[in-house]
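Undergrad: Supplied structure: run_4.cif, mmCIF, C-alpha atoms and all ligand atoms.
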data_query
loop_
_atom_site.label_atom_id
_atom_site.label_comp_id
_atom_site.auth_asym_id
_atom_site.auth_seq_id
_atom_site.Cartn_x
_atom_site.Cartn_y
_atom_site.Cartn_z
CA MET A 1 0.00 0.00 0.00
CA SER A 2 1.28 3.56 -0.71
CA HIS A 3 0.63 6.41 1.73
CA SER A 4 -1.69 5.55 4.61
CA TYR A 5 -3.70 8.15 6.50
CA LEU A 6 -4.01 5.84 9.49
CA MET A 7 -1.93 6.47 12.60
CA PRO A 8 0.92 3.97 12.73
CA THR A 9 -0.24 2.29 15.94
CA TYR A 10 -0.15 -1.24 14.48
CA ALA A 11 2.54 -3.40 12.91
CA ARG A 12 0.17 -4.82 10.32
CA GLN A 13 0.78 -7.95 8.28
CA PRO A 14 0.92 -7.40 4.51
CA ILE A 15 -2.44 -8.99 3.78
CA SER A 16 -6.11 -8.10 4.05
CA PHE A 17 -9.19 -10.23 3.92
CA VAL A 18 -12.44 -9.40 2.19
CA ARG A 19 -14.68 -12.25 3.34
CA GLY A 20 -14.98 -14.78 6.14
CA GLN A 21 -17.00 -17.91 6.70
CA GLY A 22 -16.74 -20.24 9.68
CA SER A 23 -13.07 -21.06 10.27
CA TRP A 24 -11.93 -19.51 6.98
CA LEU A 25 -10.83 -16.09 5.76
CA TYR A 26 -10.58 -15.15 2.07
CA THR A 27 -8.48 -12.59 0.22
CA ALA A 28 -9.75 -10.66 -2.80
CA ASP A 29 -8.34 -13.32 -5.14
CA ASN A 30 -10.36 -15.90 -3.18
CA THR A 31 -7.43 -17.65 -1.51
CA ALA A 32 -8.65 -19.42 1.66
CA TYR A 33 -6.76 -19.10 4.95
CA LEU A 34 -7.51 -21.29 7.95
CA ASP A 35 -8.10 -18.93 10.87
CA ALA A 36 -6.66 -20.20 14.16
CA LEU A 37 -6.80 -16.71 15.69
CA THR A 38 -10.40 -15.51 15.10
CA GLY A 39 -9.60 -11.81 15.27
CA ILE A 40 -7.80 -12.35 18.61
CA ALA A 41 -10.33 -14.57 20.41
CA VAL A 42 -13.29 -12.58 19.12
CA CYS A 43 -15.16 -14.63 16.50
CA GLY A 44 -15.63 -17.67 18.74
CA LEU A 45 -18.59 -18.89 16.71
CA GLY A 46 -16.62 -18.51 13.49
CA HIS A 47 -16.85 -15.75 10.90
CA CYS A 48 -20.33 -14.61 9.89
CA HIS A 49 -22.23 -17.22 11.93
CA PRO A 50 -25.70 -17.36 10.29
CA ASN A 51 -27.63 -16.69 13.54
CA ILE A 52 -25.50 -13.68 14.40
CA THR A 53 -25.66 -12.32 10.86
CA ALA A 54 -29.46 -12.67 10.91
CA ALA A 55 -29.68 -10.91 14.28
CA ILE A 56 -27.54 -8.02 13.02
CA GLN A 57 -29.51 -7.71 9.79
CA GLU A 58 -32.93 -7.80 11.44
CA GLN A 59 -32.05 -5.41 14.24
CA ALA A 60 -30.21 -3.04 11.88
CA ALA A 61 -33.43 -2.76 9.92
CA THR A 62 -35.55 -2.30 13.07
CA LEU A 63 -33.75 -0.06 15.58
CA VAL A 64 -30.04 0.59 16.02
CA HIS A 65 -29.69 3.17 18.80
CA THR A 66 -31.80 5.22 21.17
CA SER A 67 -29.38 5.94 24.08
CA ASN A 68 -29.67 4.96 27.71
CA LEU A 69 -32.06 7.82 28.36
CA PHE A 70 -34.70 5.22 27.53
CA GLY A 71 -35.52 1.63 28.34
CA ILE A 72 -33.89 -0.86 25.97
CA ASP A 73 -35.71 -4.19 25.84
CA TRP A 74 -32.86 -6.10 24.20
CA GLN A 75 -30.43 -4.77 26.82
CA GLU A 76 -32.72 -6.20 29.53
CA HIS A 77 -32.85 -9.59 27.74
CA ALA A 78 -29.10 -9.65 27.12
CA GLY A 79 -28.41 -8.57 30.69
CA GLU A 80 -30.56 -11.34 32.15
CA ALA A 81 -28.99 -13.96 29.87
CA LEU A 82 -25.45 -12.86 30.67
CA CYS A 83 -26.05 -12.70 34.44
CA MET A 84 -27.51 -16.22 34.33
CA ALA A 85 -24.54 -17.50 32.33
CA ALA A 86 -22.01 -15.75 34.58
CA GLY A 87 -23.72 -16.36 37.92
CA MET A 88 -23.65 -12.61 38.62
CA ASP A 89 -26.29 -10.13 39.83
CA SER A 90 -26.22 -7.25 37.37
CA VAL A 91 -24.34 -5.90 34.39
CA PHE A 92 -23.15 -2.64 32.84
CA PHE A 93 -22.73 -2.76 29.06
CA ALA A 94 -19.74 -1.01 27.48
CA ASN A 95 -18.24 -1.17 23.99
CA SER A 96 -14.89 -2.85 24.46
CA GLY A 97 -12.74 -4.81 26.87
CA ALA A 98 -10.84 -1.76 28.07
CA GLU A 99 -14.07 0.05 28.83
CA ALA A 100 -15.42 -2.93 30.75
CA ASN A 101 -12.18 -2.99 32.76
CA GLU A 102 -12.26 0.78 33.26
CA ALA A 103 -15.68 0.27 34.86
CA ALA A 104 -14.26 -2.49 37.09
CA LEU A 105 -11.36 -0.31 38.24
CA LYS A 106 -13.72 2.59 38.89
CA LEU A 107 -15.83 0.22 41.01
CA ALA A 108 -12.71 -0.62 43.04
CA ARG A 109 -12.19 3.10 43.66
CA LEU A 110 -15.82 3.61 44.70
CA TYR A 111 -15.50 0.66 47.03
CA ALA A 112 -12.38 2.20 48.57
CA HIS A 113 -14.15 5.53 48.87
CA ARG A 114 -17.03 3.88 50.68
CA LYS A 115 -14.56 2.26 53.08
CA GLY A 116 -12.78 5.58 53.68
CA LEU A 117 -9.42 4.55 52.18
CA LYS A 118 -7.20 7.52 51.34
CA ARG A 119 -4.99 6.31 48.46
CA PRO A 120 -6.48 3.00 47.34
CA LYS A 121 -4.44 0.41 45.47
CA VAL A 122 -5.39 -2.56 43.32
CA ILE A 123 -3.19 -5.65 43.21
CA VAL A 124 -2.49 -6.76 39.63
CA MET A 125 -0.28 -9.43 38.09
CA GLU A 126 3.02 -9.45 36.25
CA ARG A 127 2.51 -10.06 32.50
CA SER A 128 -1.12 -8.92 32.74
CA PHE A 129 -3.02 -7.21 29.94
CA HIS A 130 -6.10 -5.15 30.72
CA GLY A 131 -6.44 -2.63 27.88
CA ARG A 132 -5.27 0.74 26.57
CA THR A 133 -7.18 3.43 28.43
CA LEU A 134 -4.99 5.29 30.92
CA LEU A 135 -6.26 3.37 33.93
CA THR A 136 -6.29 -0.05 32.23
CA VAL A 137 -2.86 0.43 30.66
CA SER A 138 -1.61 1.37 34.13
CA ALA A 139 -2.93 -2.00 35.29
CA THR A 140 -1.22 -3.67 32.31
CA ALA A 141 2.31 -5.04 32.74
CA ASN A 142 3.75 -4.76 29.21
CA PRO A 143 6.38 -1.96 29.27
CA LYS A 144 5.87 -1.24 25.56
CA ALA A 145 2.22 -0.42 26.14
CA ARG A 146 3.04 1.77 29.16
CA GLU A 147 6.09 3.70 28.00
CA GLY A 148 5.72 7.47 27.90
CA PHE A 149 2.19 7.65 29.24
CA PHE A 150 2.89 8.66 32.87
CA THR A 151 0.98 5.59 34.00
CA LEU A 152 -0.76 5.75 37.38
CA ASP A 153 1.75 3.52 39.11
CA ASP A 154 0.85 4.55 42.67
CA ASP A 155 -2.56 2.98 42.16
CA PHE A 156 -1.31 -0.56 41.59
CA ILE A 157 0.80 -3.21 43.28
CA ARG A 158 2.20 -5.84 40.92
CA VAL A 159 2.88 -9.47 41.92
CA PRO A 160 3.86 -12.64 40.00
CA PHE A 161 0.88 -14.45 38.46
CA GLY A 162 0.02 -17.68 40.27
CA ASP A 163 2.01 -16.97 43.43
CA ILE A 164 -0.36 -16.62 46.40
CA ASP A 165 2.48 -16.16 48.90
CA ALA A 166 3.88 -13.25 46.90
CA LEU A 167 0.40 -11.77 46.86
CA LYS A 168 0.05 -12.07 50.62
CA GLN A 169 3.49 -10.61 51.13
CA ALA A 170 2.87 -7.66 48.81
CA ALA A 171 -0.27 -6.91 50.75
CA ASN A 172 1.60 -6.84 54.04
CA GLY A 173 2.07 -3.30 55.25
CA HIS A 174 -0.65 -1.89 52.99
CA ASP A 175 -3.94 -1.02 54.67
CA ASP A 176 -5.26 0.74 51.57
CA ILE A 177 -5.83 -2.19 49.18
CA SER A 178 -9.29 -2.24 47.62
CA ALA A 179 -9.18 -5.12 45.14
CA VAL A 180 -7.26 -7.83 43.31
CA PHE A 181 -7.70 -7.82 39.51
CA LEU A 182 -6.47 -10.65 37.29
CA GLU A 183 -7.05 -12.81 34.22
CA PRO A 184 -7.86 -16.51 34.95
CA ILE A 185 -5.47 -17.38 32.10
CA GLN A 186 -3.20 -14.61 30.82
CA GLY A 187 -3.77 -14.23 27.08
CA GLU A 188 -1.61 -11.39 25.75
CA GLY A 189 1.11 -11.99 28.35
CA GLY A 190 2.05 -15.49 27.10
CA LEU A 191 -0.96 -17.80 27.50
CA ASN A 192 0.07 -18.26 31.14
CA THR A 193 -1.77 -20.59 33.47
CA ALA A 194 -1.09 -20.71 37.21
CA ALA A 195 1.01 -23.70 38.32
CA ASN A 196 -1.88 -24.93 40.47
CA GLY A 197 -4.42 -24.14 37.72
CA PHE A 198 -7.72 -22.60 38.70
CA THR A 199 -7.05 -23.38 42.38
CA PHE A 200 -5.12 -20.11 42.32
CA LEU A 201 -8.43 -18.29 41.81
CA GLU A 202 -9.82 -19.96 44.93
CA GLU A 203 -6.76 -18.90 46.93
CA VAL A 204 -7.11 -15.30 45.72
CA ALA A 205 -10.85 -15.32 46.43
CA ALA A 206 -10.23 -16.55 49.99
CA LEU A 207 -7.62 -13.83 50.55
CA CYS A 208 -10.05 -11.21 49.24
CA ASP A 209 -12.77 -12.54 51.56
CA ALA A 210 -10.44 -12.45 54.56
CA ASN A 211 -9.42 -8.84 53.84
CA ASP A 212 -12.69 -7.51 52.48
CA TRP A 213 -11.14 -6.70 49.07
CA LEU A 214 -13.02 -6.94 45.79
CA PHE A 215 -12.13 -10.09 43.85
CA MET A 216 -12.19 -8.91 40.23
CA LEU A 217 -11.66 -11.08 37.15
CA ASP A 218 -10.80 -9.92 33.63
CA GLU A 219 -12.50 -12.49 31.39
CA VAL A 220 -12.33 -10.30 28.29
CA GLN A 221 -10.43 -13.08 26.52
CA THR A 222 -11.25 -16.20 28.58
CA GLY A 223 -15.01 -15.65 28.64
CA ASN A 224 -17.88 -16.66 26.35
CA GLY A 225 -16.99 -20.32 26.08
CA ARG A 226 -13.36 -19.90 25.06
CA THR A 227 -12.00 -22.29 27.73
CA GLY A 228 -14.94 -24.72 27.55
CA ASN A 229 -17.04 -23.15 30.32
CA TYR A 230 -19.07 -20.01 29.78
CA PHE A 231 -16.56 -18.22 31.99
CA ALA A 232 -13.16 -19.61 32.95
CA TYR A 233 -13.65 -18.98 36.67
CA GLN A 234 -16.43 -21.61 36.53
CA HIS A 235 -13.67 -24.24 36.37
CA SER A 236 -13.11 -23.30 40.05
CA SER A 237 -15.32 -22.84 43.10
CA ALA A 238 -14.31 -19.17 43.42
CA LYS A 239 -16.93 -16.43 42.99
CA PRO A 240 -15.89 -13.00 41.74
CA ASP A 241 -17.35 -9.72 42.96
CA VAL A 242 -16.61 -8.14 39.59
CA LEU A 243 -16.26 -9.90 36.24
CA THR A 244 -15.52 -8.23 32.92
CA THR A 245 -15.84 -9.59 29.41
CA ALA A 246 -15.80 -8.47 25.76
CA LYS A 247 -14.09 -10.16 22.75
CA GLY A 248 -16.27 -13.28 22.18
CA LEU A 249 -19.29 -11.49 23.68
CA GLY A 250 -20.35 -10.03 20.32
CA ASN A 251 -18.59 -12.45 17.92
CA GLY A 252 -17.03 -9.41 16.22
CA PHE A 253 -19.64 -6.80 17.05
CA PRO A 254 -17.92 -4.36 19.44
CA VAL A 255 -19.36 -4.74 22.92
CA GLY A 256 -18.09 -5.22 26.48
CA ALA A 257 -19.65 -5.91 29.86
CA CYS A 258 -18.82 -5.43 33.52
CA LEU A 259 -20.80 -7.68 35.87
CA VAL A 260 -21.11 -7.39 39.64
CA SER A 261 -22.29 -9.39 42.61
CA GLY A 262 -21.27 -9.88 46.25
CA ARG A 263 -19.28 -6.97 47.69
CA ALA A 264 -19.49 -4.95 44.45
CA LYS A 265 -23.29 -4.94 44.32
CA ASP A 266 -24.93 -1.53 44.55
CA LEU A 267 -21.75 0.56 44.10
CA PHE A 268 -22.87 2.30 40.90
CA SER A 269 -26.00 4.42 41.04
CA ALA A 270 -27.83 6.67 38.57
CA GLY A 271 -25.32 9.13 37.12
CA SER A 272 -22.19 7.52 38.57
CA HIS A 273 -21.18 5.77 35.35
CA GLY A 274 -22.42 5.67 31.78
CA SER A 275 -21.88 5.30 28.06
CA THR A 276 -23.71 6.82 25.10
CA TYR A 277 -23.48 3.61 23.10
CA GLY A 278 -23.27 0.97 25.82
CA GLY A 279 -25.86 -1.76 25.21
CA THR A 280 -27.59 -0.35 22.12
CA PRO A 281 -30.53 -2.38 20.82
CA LEU A 282 -28.23 -3.69 18.08
CA ALA A 283 -25.29 -4.62 20.35
CA SER A 284 -27.61 -6.16 22.94
CA ARG A 285 -29.44 -8.27 20.40
CA VAL A 286 -26.10 -9.59 19.15
CA VAL A 287 -25.05 -10.43 22.73
CA HIS A 288 -28.31 -12.28 23.22
CA SER A 289 -27.86 -14.24 19.98
CA VAL A 290 -24.32 -15.24 20.94
CA TYR A 291 -25.69 -16.40 24.30
CA GLU A 292 -28.37 -18.49 22.56
CA VAL A 293 -25.89 -20.19 20.25
CA LEU A 294 -23.48 -20.87 23.12
CA THR A 295 -26.15 -22.35 25.40
CA ASP A 296 -28.38 -24.14 22.84
CA SER A 297 -25.60 -26.06 21.16
CA ASN A 298 -22.59 -28.21 21.88
CA VAL A 299 -20.21 -25.37 21.00
CA MET A 300 -18.56 -25.22 24.44
CA SER A 301 -18.04 -28.99 24.73
CA ASN A 302 -16.69 -28.92 21.17
CA ALA A 303 -14.17 -26.29 22.31
CA VAL A 304 -12.92 -28.79 24.89
CA THR A 305 -12.74 -31.80 22.56
CA GLU A 306 -11.12 -29.94 19.69
CA GLY A 307 -8.80 -27.92 21.95
CA ASP A 308 -7.60 -31.13 23.62
CA PHE A 309 -7.23 -32.78 20.21
CA ILE A 310 -5.06 -29.93 18.86
CA ARG A 311 -2.89 -29.81 22.01
CA GLU A 312 -2.45 -33.59 22.16
CA SER A 313 -1.75 -33.98 18.42
CA LEU A 314 0.91 -31.27 18.48
CA THR A 315 2.63 -32.47 21.63
CA SER A 316 2.66 -36.09 20.46
CA ALA A 317 4.20 -35.00 17.13
CA LEU A 318 6.68 -32.49 18.57
CA GLY A 319 7.08 -33.46 22.23
CA ALA A 320 10.35 -35.25 21.53
CA LYS A 321 11.72 -31.92 20.29
CA GLY A 322 10.85 -30.21 23.56
CA VAL A 323 7.47 -28.78 22.59
CA SER A 324 4.75 -28.67 25.26
CA SER A 325 1.29 -27.16 25.47
CA ARG A 326 -0.91 -25.27 27.89
CA GLY A 327 -4.32 -23.62 28.12
CA HIS A 328 -7.90 -24.82 28.24
CA GLY A 329 -10.46 -25.44 25.51
CA MET A 330 -9.78 -23.30 22.47
CA MET A 331 -7.29 -21.11 24.32
CA ILE A 332 -4.16 -22.95 23.26
CA GLY A 333 -0.49 -22.22 23.92
CA ILE A 334 2.08 -24.33 22.07
CA VAL A 335 5.30 -23.76 23.95
CA LEU A 336 8.52 -24.10 21.96
CA PRO A 337 11.84 -24.57 23.75
CA GLU A 338 13.05 -21.34 25.37
CA GLY A 339 15.23 -19.37 22.98
CA THR A 340 13.64 -20.78 19.80
CA ASP A 341 13.61 -18.14 17.05
CA CYS A 342 9.91 -17.61 16.34
CA SER A 343 10.29 -14.38 14.39
CA GLN A 344 9.38 -15.92 11.01
CA LEU A 345 6.64 -18.33 12.11
CA VAL A 346 3.62 -16.08 11.61
CA ASP A 347 4.74 -15.15 8.08
CA ILE A 348 5.65 -18.70 7.08
CA ALA A 349 2.36 -20.06 8.43
CA ARG A 350 0.39 -17.43 6.53
CA ASP A 351 2.29 -17.29 3.23
CA GLU A 352 3.35 -20.91 2.80
CA HIS A 353 0.68 -22.85 4.66
CA LYS A 354 -2.34 -20.51 4.63
CA LEU A 355 -2.71 -20.66 8.40
CA ILE A 356 -3.33 -17.64 10.66
CA ILE A 357 -1.56 -17.87 14.02
CA ASN A 358 -0.01 -15.56 16.60
CA ILE A 359 3.11 -15.59 18.78
CA THR A 360 2.95 -14.41 22.38
CA GLY A 361 5.73 -14.04 24.87
CA SER A 362 8.82 -14.87 22.82
CA HIS A 363 8.34 -18.56 22.10
CA VAL A 364 4.68 -19.46 22.59
CA ILE A 365 2.45 -20.11 19.57
CA ARG A 366 -1.00 -18.87 20.49
CA LEU A 367 -3.99 -20.55 18.86
CA LEU A 368 -7.50 -19.17 19.40
CA PRO A 369 -9.57 -21.12 16.86
CA PRO A 370 -13.35 -20.90 16.57
CA LEU A 371 -15.03 -22.87 19.38
CA ASN A 372 -17.13 -24.76 16.81
CA MET A 373 -14.22 -25.84 14.61
CA ARG A 374 -14.86 -29.19 12.90
CA ARG A 375 -12.49 -32.13 13.35
CA GLU A 376 -11.25 -31.97 9.72
CA GLU A 377 -10.33 -28.34 10.31
CA SER A 378 -8.59 -29.08 13.63
CA GLU A 379 -6.58 -31.74 11.79
CA GLN A 380 -5.67 -29.09 9.23
CA VAL A 381 -4.52 -26.70 11.98
CA VAL A 382 -2.25 -29.42 13.34
CA GLU A 383 -0.90 -30.43 9.93
CA ARG A 384 -0.30 -26.88 8.75
CA LEU A 385 1.38 -25.88 12.02
CA ILE A 386 3.73 -28.89 11.92
CA ASN A 387 4.57 -28.04 8.31
CA THR A 388 5.20 -24.44 9.33
CA ILE A 389 7.61 -25.45 12.09
CA ASN A 390 9.34 -27.85 9.70
CA SER A 391 9.74 -25.27 6.93
CA ALA A 392 11.03 -22.74 9.46
CA ASN A 393 13.58 -25.36 10.48
CA ILE A 394 13.85 -24.02 14.03
CA LEU A 395 13.64 -27.13 16.23
C1 LIG B 401 -8.14 -7.83 24.65
C2 LIG B 401 -8.12 -7.71 26.10
C3 LIG B 401 -8.47 -6.50 26.74
C4 LIG B 401 -8.77 -5.23 25.97
O1 LIG B 401 -9.92 -5.33 25.20
P1 LIG B 401 -10.21 -4.21 24.07
O2 LIG B 401 -11.54 -4.61 23.52
O3 LIG B 401 -9.09 -4.29 23.09
O4 LIG B 401 -10.24 -2.90 24.75
C5 LIG B 401 -8.49 -6.48 28.12
N1 LIG B 401 -8.21 -7.57 28.83
C6 LIG B 401 -7.88 -8.75 28.26
C7 LIG B 401 -7.58 -9.94 29.13
C8 LIG B 401 -7.80 -8.85 26.87
O5 LIG B 401 -7.44 -10.00 26.31
#
Any chance you could put this one into structure tokens?
Ligand SMILES: *Cc1c(COP(=O)(O)O)cnc(C)c1O
TA:
Amino acid sequence: MSHSYLMPTYARQPISFVRGQGSWLYTADNTAYLDALTGIAVCGLGHCHPNITAAIQEQAATLVHTSNLFGIDWQEHAGEALCMAAGMDSVFFANSGAEANEAALKLARLYAHRKGLKRPKVIVMERSFHGRTLLTVSATANPKAREGFFTLDDDFIRVPFGDIDALKQAANGHDDISAVFLEPIQGEGGLNTAANGFTFLEEVAALCDANDWLFMLDEVQTGNGRTGNYFAYQHSSAKPDVLTTAKGLGNGFPVGACLVSGRAKDLFSAGSHGSTYGGTPLASRVVHSVYEVLTDSNVMSNAVTEGDFIRESLTSALGAKGVSSRGHGMMIGIVLPEGTDCSQLVDIARDEHKLIINITGSHVIRLLPPLNMRREESEQVVERLINTINSANIL
């Protein structure tokens, strides 16, 4: 492309797609690419799922936006559905993951205010990612995302992910902590799972209970069936006070949500938070349709079977060369030996094997395929990825 009028905020790959269907993306010359990334964990039901397309088309022709000055029936339906699925009491609809997290962090501040804390702090994790607004990027670990923005570092305490003792220790000597905020599995930061799995969430929840802190989960990436449960925390017995989600929530339609229960109930009141667009009739109808597909079908159990199949196939083919796997359901990390040069993998996969993948950390291949991927397609993901690694000649 010649001159671009877009701000250079992205290192874009030299390709663009004009059409998508299910697990496949197509370029203008109709070349098919197998999509094991789904727009970064967004199109969990595949591209242009017929039910979602129909919902968008019908609602676009009926009513798109009225604002939250008025009742919005679809927002009520979507809110009820989402609270049922999440086991939470009520929801605020936003338009993105960062906005949902901004709402969560504002709730933590309100909670602190109610308790009379002077300079409240939220405990967050190393290698976390929570978004790009000033408050959410301050909660984010990645130095590249933070650099130059005078992040609000006094408002956060950072501890290693998965280390409950470190968390307890960091809290020692602070009487102004209001909340702990973390991802059940860290997506952007390297597809990291805690060593003791989801038990870590139970340990954090217990610590929050003991100290009267808000237990807040960022399920922007792990939510909406991605790990095989509607929300990843449901693999544990922990119960969050605040839960955020976005990405898979609209299958590509931009929408986010911040849900509350327990200690975070009743913090927001009329006028204390808002959004012009949040939960439009169109966005809410899409959320409701995604909920229906997720709950009326075997999509989430398919995410488990196919995710396990992809992980097991790749580790049995490459395990002898030091490759291991992690993650749950269709949130898949294929871990290459430390120090492996992964710089060419994305390009080789795309150009030579027509497979869309992502690298996270320095040596983890991140796969986020559609939850409803068919077995033949999962086999293709495995085959194309093995071919990619072989042509890159890096193991
Ligand atoms: C993607 C992501 C966000 C940010 O969502 P946006 O919609 O890009 O603002 C926040 N938290 C997690 C865990 C994410 O994966």
Undergrad: Which chains and residue numbers are within 10 Å of ligand LIG 401 (chain B), counting all atoms listed in the file, if I want them as a PyMOL selection string?
TA: chain A and resi 40-42+94-102+128-133+136-137+140+182-189+217-223+244-248+254-256
Undergrad: Could you dump the residues just selected with C-alpha atoms as a tab-separated table (two decimals), in the coordinates of the input?
TA:
chain	number	residue	atom	x	y	z
A	40	ILE	CA	-7.80	-12.35	18.61
A	41	ALA	CA	-10.33	-14.57	20.41
A	42	VAL	CA	-13.29	-12.58	19.12
A	94	ALA	CA	-19.74	-1.01	27.48
A	95	ASN	CA	-18.24	-1.17	23.99
A	96	SER	CA	-14.89	-2.85	24.46
A	97	GLY	CA	-12.74	-4.81	26.87
A	98	ALA	CA	-10.84	-1.76	28.07
A	99	GLU	CA	-14.07	0.05	28.83
A	100	ALA	CA	-15.42	-2.93	30.75
A	101	ASN	CA	-12.18	-2.99	32.76
A	102	GLU	CA	-12.26	0.78	33.26
A	128	SER	CA	-1.12	-8.92	32.74
A	129	PHE	CA	-3.02	-7.21	29.94
A	130	HIS	CA	-6.10	-5.15	30.72
A	131	GLY	CA	-6.44	-2.63	27.88
A	132	ARG	CA	-5.27	0.74	26.57
A	133	THR	CA	-7.18	3.43	28.43
A	136	THR	CA	-6.29	-0.05	32.23
A	137	VAL	CA	-2.86	0.43	30.66
A	140	THR	CA	-1.22	-3.67	32.31
A	182	LEU	CA	-6.47	-10.65	37.29
A	183	GLU	CA	-7.05	-12.81	34.22
A	184	PRO	CA	-7.86	-16.51	34.95
A	185	ILE	CA	-5.47	-17.38	32.10
A	186	GLN	CA	-3.20	-14.61	30.82
A	187	GLY	CA	-3.77	-14.23	27.08
A	188	GLU	CA	-1.61	-11.39	25.75
A	189	GLY	CA	1.11	-11.99	28.35
A	217	LEU	CA	-11.66	-11.08	37.15
A	218	ASP	CA	-10.80	-9.92	33.63
A	219	GLU	CA	-12.50	-12.49	31.39
A	220	VAL	CA	-12.33	-10.30	28.29
A	221	GLN	CA	-10.43	-13.08	26.52
A	222	THR	CA	-11.25	-16.20	28.58
A	223	GLY	CA	-15.01	-15.65	28.64
A	244	THR	CA	-15.52	-8.23	32.92
A	245	THR	CA	-15.84	-9.59	29.41
A	246	ALA	CA	-15.80	-8.47	25.76
A	247	LYS	CA	-14.09	-10.16	22.75
A	248	GLY	CA	-16.27	-13.28	22.18
A	254	PRO	CA	-17.92	-4.36	19.44
A	255	VAL	CA	-19.36	-4.74	22.92
A	256	GLY	CA	-18.09	-5.22	26.48
Undergrad: Can you tell me how far CA of Asn302 (chain A) sits from CA of Gly228 (chain A), in Å to one decimal?
TA: 7.8 Å
Undergrad: Could you tell me how far CA of Gly46 (chain A) sits from CA of Asn372 (chain A), in Å to one decimal place?
TA: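 Atom-to-atom, CA of Asn372 (chain A) and CA of Gly46 (chain A) are spaced 7.1 Å apart.
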Undergrad: Hey, can you check how far CA of Ser378 (chain A) sits from CA of Phe309 (chain A)?
TA: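 Straight-line distance from CA of Ser378 (chain A) to CA of Phe309 (chain A) works out to 7.7 Å.
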Undergrad: Between A:Ile334, A:Asp347, A:Glu383, A:Thr151, single out the one closest to Pro14 (chain A), counting only C-alpha atoms.
TA: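 Result for the nearest residue to Pro14 (chain A): A:Asp347.
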Undergrad: Show me as a count of residues only the residues that reach within 10 Å of (-14.2, -21.1, 33.8), counting all atoms listed in the file and using the file's own coordinates.
TA: 23
Undergrad: Got a sec: who's within 7 Å of Arg263 (chain A), counting all atoms listed in the file, leaving out chain neighbours fewer than 2 positions off, as a count of residues only?
TA: 4
Undergrad: Kindly indicate which residue among A:Ser301, A:Asn196, A:Ser178, A:Asn30 lies nearest to Val124 (chain A), using only C-alpha atoms for the distances.
TA: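 When distances to Val124 (chain A) are compared using only C-alpha atoms, the smallest one comes from A:Ser178.
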Undergrad: Using only C-alpha atoms, determine which residues lie at most 10 Å from Val91 (chain A), disregarding the query and same-chain residues fewer than 5 positions distant; provide the list as a list in words.
TA: Gln75, Glu76, Ala78, Gly79, Glu80, Leu82, Cys83, Val242, Leu243, Thr244, Ala257, Cys258, Leu259, Val260 and Ser261 of chain A
Undergrad: Write out, as a compact mmCIF listing (two decimals), in the coordinates of the input, the residues just selected, with C-alpha atoms.
TA:
# COMPACT_ATOMS: atom_id res chain seq x y z
CA GLN A 75 -30.43 -4.77 26.82
CA GLU A 76 -32.72 -6.20 29.53
CA ALA A 78 -29.10 -9.65 27.12
CA GLY A 79 -28.41 -8.57 30.69
CA GLU A 80 -30.56 -11.34 32.15
CA LEU A 82 -25.45 -12.86 30.67
CA CYS A 83 -26.05 -12.70 34.44
CA VAL A 242 -16.61 -8.14 39.59
CA LEU A 243 -16.26 -9.90 36.24
CA THR A 244 -15.52 -8.23 32.92
CA ALA A 257 -19.65 -5.91 29.86
CA CYS A 258 -18.82 -5.43 33.52
CA LEU A 259 -20.80 -7.68 35.87
CA VAL A 260 -21.11 -7.39 39.64
CA SER A 261 -22.29 -9.39 42.61
Undergrad: At a cut-off of 10 Å, using only C-alpha atoms, what residues contact region 114-119 of chain A? Leave out same-chain residues fewer than 3 positions from it and give the result as a PDB file with C-alpha atoms, in the coordinates of the input.
TA:
ATOM      1  CA  ALA A 108     -12.710  -0.620  43.040  1.00  0.00           C
ATOM      2  CA  ARG A 109     -12.190   3.100  43.660  1.00  0.00           C
ATOM      3  CA  LEU A 110     -15.820   3.610  44.700  1.00  0.00           C
ATOM      4  CA  TYR A 111     -15.500   0.660  47.030  1.00  0.00           C
ATOM      5  CA  ASP A 154       0.850   4.550  42.670  1.00  0.00           C
ATOM      6  CA  ASP A 155      -2.560   2.980  42.160  1.00  0.00           C
ATOM      7  CA  ASP A 175      -3.940  -1.020  54.670  1.00  0.00           C
ATOM      8  CA  ASP A 176      -5.260   0.740  51.570  1.00  0.00           C
ATOM      9  CA  ILE A 177      -5.830  -2.190  49.180  1.00  0.00           C
ATOM     10  CA  SER A 178      -9.290  -2.240  47.620  1.00  0.00           C
ATOM     11  CA  ASP A 212     -12.690  -7.510  52.480  1.00  0.00           C
ATOM     12  CA  LEU A 267     -21.750   0.560  44.100  1.00  0.00           C
TER      13      LEU A 267
END
Undergrad: Using the file's own x, y and z axes, what box holds all listed atoms of region 152-157 of chain A with 3 Å on each side, keeping edges along x, y and z, and what are its centre and edge lengths in Å to one decimal, as lines of an AutoDock Vina configuration file?
TA:
center_x = -0.4
center_y = 1.3
center_z = 40.3
size_x = 10.3
size_y = 15.0
size_z = 11.9
Undergrad: Point out the residue among A:His65, A:His77, A:Lys144, A:His273 with the least atom-to-atom distance to Leu107 (chain A), counting all atoms listed in the file.
TA: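 Ranking A:His65, A:His77, A:Lys144, A:His273 by distance to Leu107 (chain A), first place goes to A:His273.
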Undergrad: Using only C-alpha atoms for the distances, tell me which of A:Leu282, A:Phe215, A:Tyr277, A:Ala179 is nearest to Ala61 (chain A).
TA: A:Leu282
Undergrad: Using all atoms listed in the file, can you tell me which of A:Ala141, A:Val293, A:Ile389, A:Leu368 comes closest to Phe156 (chain A)?
TA: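 Closest to Phe156 (chain A), using all atoms listed in the file: A:Ala141.
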